[in-house]
Structures are given as structure tokens and as C-alpha cells.
Protein chains: 2
Amino acid sequence: MGKVLWHVTMSLDGFIAGPGDAMEWAFHYSHPNAAVDEVIRLTGAVLSGRRSFDVGRRPGQAPQAQKPYGGAWSGPLLVLTHRPPPDGVDPDITFLARDIRGAVELALRAARGKDIVVIGANVARQCIDEGLIDEIMVHLAPVLLGDGIRFFDRIGAAQVNLEATGIERAGQITNLRFRVRK
Amino acid sequence: MGKVLWHVTMSLDGFIAGPGDAMEWAFHYSHPNAAVDEVIRLTGAVLSGRRSFDVGRRPGQAPQAQKPYGGAWSGPLLVLTHRPPPDGVDPDITFLARDIRGAVELALRAARGKDIVVIGANVARQCIDEGLIDEIMVHLAPVLLGDGIRFFDRIGAAQVNLEATGIERAGQITNLRFRVRK
């Protein structure tokens, strides 16, 4: 069975998107990164929130934003949503409206033994709530955004303890890897 | 003239204190850290916000929280506040009610050529607004808090670009060092 990896690019101050879902700061630093290549190689399916999916497909968005890993990865993409778009016909994309545990199970099945990647703050938080995340890989960008979509927000819940398993620089990006202590 | 260093311990999700100003998570990871020893060696004065100062002195707080660097550093501590406590008589502590630029100038003068350390989210944000921070050192703790006092919050302002100058592990803590691009 594959692992569940929460994979995210984040500003130093903990935002995964700037105001108005701005992502230019992240693309600016998306130089070659061997750790990302490794994730792409090991990933069998991607489970995305609807917001992350839509942000990647906004008109005017950079082309590399429109597919997971800018098209460098291909495979089943599962999008968690209660309002599937009427026009979605890419056979690799499945729109799901189910509980997070069921969605992760489906994604793992679709990954056929490889890992799955979770994208999107809301979906990731639901996974954390249910103890479904095995590892977190953060690409830390050297920028303070001050405002936008938070990496993680969870009022009133217990802290989640991690184990730092790896750090390395890739140009100006810092790759941080953690295991979730369960 | 010394540098202005914003020095902070932060959870992976960008909090410098948990709910109710909880700091136990940070002390839990405050193992020996050569990077902290180096900061202590180079620091001539500390400029703190009132909240950080008060949190360190709460009744029941761990003794190591009550002085900057748990007493491992000594020197002039400048606390920015409009309501100085009536009982403050430690000769090393000065309470200031002035604009941030004046406060940083005073702290640099008190540091006599050594660096100054800025502590506290509010004071640090004011310094960032005025372009007064030279470097940021973050000690990243392997924990998700979900709620608490944010490392950095600044609605509606431009992003601040940094240069990653160093990363290293110190036990479970990741030391991240940045220069502020001006």
C-alpha cells in the first residue's frame, strides 16, 4: 500500500497562496528540484480539493499551473467536491463527493500500490483530522506574503506532532520533509 | 553598526505561540543549538514587544521563558510599550513608547556595535514595514499548532522577498536563515 503525502509549496509565513489566490511567487521559485522529481516518480494518484483544482485552471493562469506538477506527472486525479463541473470530461479526472476517509481509500486504490499526493489546505486538514497523512513535504519559498490562503488552520484541535526526516536546499527553495507521529 | 536580526521559533504552520500563548511545544524542542549560541554571542541588545515580554513573565511560566534566551544572554532589553509596568526596576530593562525606527536606533546604540535581536510578531512586523530587518533566523519546530499567534500577518501589503542563506538541522529543529532583500 502506498503512502499518503501532503505536498505543498509554502511561503516562510505559512501561506500556500497569496491574496486573490496569487501563485506567481511559487512559480518564480519552481526551479528544477530533485525532490519534486522523486515525488512525481513515486506518485500513483493525486487527491485535490476543489479550490486548488479551480485555481490551477483559472483563465490567465500560467499553463504549468493547470495540471498537477505542470503536466510532468500523469495519472488519476481525484477532486473532492459537492459540485462537479458540468463540462469535466478528462478521463483522468474523477470528481468525488464523499467523506475524506473514503476519498483517500479510493485514491490509494487508483494509485495501484504507489503513493498518493494530497493537495489543498482544506482536504489536507480533513486528512490530518482523521490521521490519514503519513508524510508532509514542504517546499519553503523565501518570501513573506502576509496574507492569503493558510497552509494549515485548525482552531481548537490538539497539536499534531511531526518528526523531521529531511532538509535540503534546492536553489532558493528549502525542502522540508516530515513524518506524522501517530 | 550591528545587524537587526528577527529571531523566532515557529511551528511548521507558522505560529510563534499556541492558543493561550502556549509555549510548551517550543521549550520541548529547545535542545542545544549552536546557531542559538552564536546569536547569543553576537547580540548586544534585545528589542521586544510587550506581549512577548509579558508571556515570558507569566506566573507559572517555565523559568527559562522569563529572560531572553533563558538567561544565557544578558544585556540591555528594550521593551516597546505604551504602558510600562509600575514595578519594573531591573536596570537592564528599558520600557519605551516611541516609533519603531527610533526604538531600533536606540537598541543599536545600546548594543554598542553588536547585533540586535527583535522578538515579537507585532514589533517584527513594524520593523519589516519600515525596512529595518536585515536578517531572519527561524527555528522551525516539527509540530502543527493550528491556532495561536501568527509569525507574520500583514494584510494588504506587498510581499517581502528574502534570500535563503542557510539551513541546518539541530536535533528535531530546523534552523533557517534569510537575508531581507531591500
# chains A, B, ... in the order shown; residues from 1 in each chain; ligands from 1

$ interface_residues --of "chain A" --to "chain B" --cutoff "6 Å" --atoms "only C-alpha atoms" --output "list in words"
Asp13, Gly14, Pro142, Val143, Leu144, Leu145, Gly146, Asp147, Phe152, Asp153, Arg154, Ile155, Gln159, Val160, Asn161, Leu162, Glu163, Ala164 and Gln172 of chain A

$ write_last_selection --atoms "C-alpha atoms" --output "PDB file, in the first residue's frame"
ATOM      1  CA  ASP A  13       4.990  32.826   6.794  1.00  0.00           C
ATOM      2  CA  GLY A  14       2.788  29.840   6.093  1.00  0.00           C
ATOM      3  CA  PRO A 142      11.981  32.678   0.632  1.00  0.00           C
ATOM      4  CA  VAL A 143       9.161  35.199   0.740  1.00  0.00           C
ATOM      5  CA  LEU A 144       6.757  36.710   3.274  1.00  0.00           C
ATOM      6  CA  LEU A 145       3.248  37.092   1.806  1.00  0.00           C
ATOM      7  CA  GLY A 146       1.461  38.410   4.908  1.00  0.00           C
ATOM      8  CA  ASP A 147      -1.971  37.396   3.611  1.00  0.00           C
ATOM      9  CA  PHE A 152      -2.891  24.969   7.965  1.00  0.00           C
ATOM     10  CA  ASP A 153      -5.689  26.337  10.112  1.00  0.00           C
ATOM     11  CA  ARG A 154      -7.416  24.258  12.723  1.00  0.00           C
ATOM     12  CA  ILE A 155      -8.974  26.087  15.641  1.00  0.00           C
ATOM     13  CA  GLN A 159      -1.362  19.902  18.159  1.00  0.00           C
ATOM     14  CA  VAL A 160      -0.012  17.437  15.614  1.00  0.00           C
ATOM     15  CA  ASN A 161       3.464  16.155  16.349  1.00  0.00           C
ATOM     16  CA  LEU A 162       5.815  15.520  13.444  1.00  0.00           C
ATOM     17  CA  GLU A 163       9.233  14.009  13.018  1.00  0.00           C
ATOM     18  CA  ALA A 164      11.673  15.977  10.868  1.00  0.00           C
ATOM     19  CA  GLN A 172      16.378  29.251  -3.087  1.00  0.00           C
TER      20      GLN A 172
END

$ residues_around --residues "Leu132 (chain B)" --least-positions-apart "2" --cutoff "8 Å" --atoms "only C-alpha atoms" --output "PyMOL selection string"
chain B and resi 4+101+104+127-130+134

$ select_by_dssp --residues "region 30-182 of chain A" --states "alpha helix (DSSP H)" --output "mmCIF file with C-alpha atoms, in the first residue's frame"
data_model
loop_
_atom_site.group_PDB
_atom_site.id
_atom_site.type_symbol
_atom_site.label_atom_id
_atom_site.label_comp_id
_atom_site.auth_asym_id
_atom_site.auth_seq_id
_atom_site.Cartn_x
_atom_site.Cartn_y
_atom_site.Cartn_z
ATOM 1 C CA ALA A 34 15.133 16.623 -7.497
ATOM 2 C CA ALA A 35 12.819 16.074 -4.510
ATOM 3 C CA VAL A 36 9.822 17.014 -6.642
ATOM 4 C CA ASP A 37 11.002 14.689 -9.419
ATOM 5 C CA GLU A 38 11.170 11.904 -6.852
ATOM 6 C CA VAL A 39 7.613 12.586 -5.667
ATOM 7 C CA ILE A 40 6.407 12.567 -9.263
ATOM 8 C CA ARG A 41 8.104 9.212 -9.803
ATOM 9 C CA LEU A 42 6.520 7.631 -6.723
ATOM 10 C CA ARG A 50 -11.862 21.784 -5.444
ATOM 11 C CA ARG A 51 -10.307 25.168 -4.747
ATOM 12 C CA SER A 52 -6.784 24.042 -5.648
ATOM 13 C CA PHE A 53 -8.175 22.425 -8.783
ATOM 14 C CA ASP A 54 -10.018 25.591 -9.805
ATOM 15 C CA VAL A 55 -7.065 27.870 -9.037
ATOM 16 C CA GLY A 56 -4.918 25.808 -11.373
ATOM 17 C CA ILE A 100 -12.391 12.058 3.371
ATOM 18 C CA ARG A 101 -11.604 8.525 4.500
ATOM 19 C CA GLY A 102 -13.459 7.061 1.550
ATOM 20 C CA ALA A 103 -11.769 9.507 -0.811
ATOM 21 C CA VAL A 104 -8.296 8.552 0.418
ATOM 22 C CA GLU A 105 -9.145 4.852 0.097
ATOM 23 C CA LEU A 106 -10.292 5.376 -3.470
ATOM 24 C CA ALA A 107 -7.168 7.371 -4.303
ATOM 25 C CA LEU A 108 -4.920 4.666 -2.853
ATOM 26 C CA ARG A 109 -6.735 2.079 -4.908
ATOM 27 C CA ALA A 110 -6.341 4.225 -8.022
ATOM 28 C CA ALA A 121 -5.416 23.160 2.583
ATOM 29 C CA ASN A 122 -8.978 22.021 3.253
ATOM 30 C CA VAL A 123 -8.524 18.420 2.079
ATOM 31 C CA ALA A 124 -5.195 18.174 3.903
ATOM 32 C CA ARG A 125 -6.760 19.414 7.137
ATOM 33 C CA GLN A 126 -9.528 16.835 6.863
ATOM 34 C CA CYS A 127 -6.891 14.155 6.322
ATOM 35 C CA ILE A 128 -4.929 15.349 9.365
ATOM 36 C CA ASP A 129 -8.129 15.280 11.456
#

$ select_by_dssp --residues "region 75-177 of chain A" --states "strand (DSSP E or B)" --output "PyMOL selection string"
chain A and resi 77-80+93-96+115-119+135-141+143-144+149-150+160-170+173-177

$ atom_distance --atom1 "CA of Gly20 (chain B)" --atom2 "CA of Gly49 (chain B)"
16.9 Å

$ atom_distance --atom1 "CA of Leu96 (chain A)" --atom2 "CA of Leu47 (chain A)"
9.8 Å
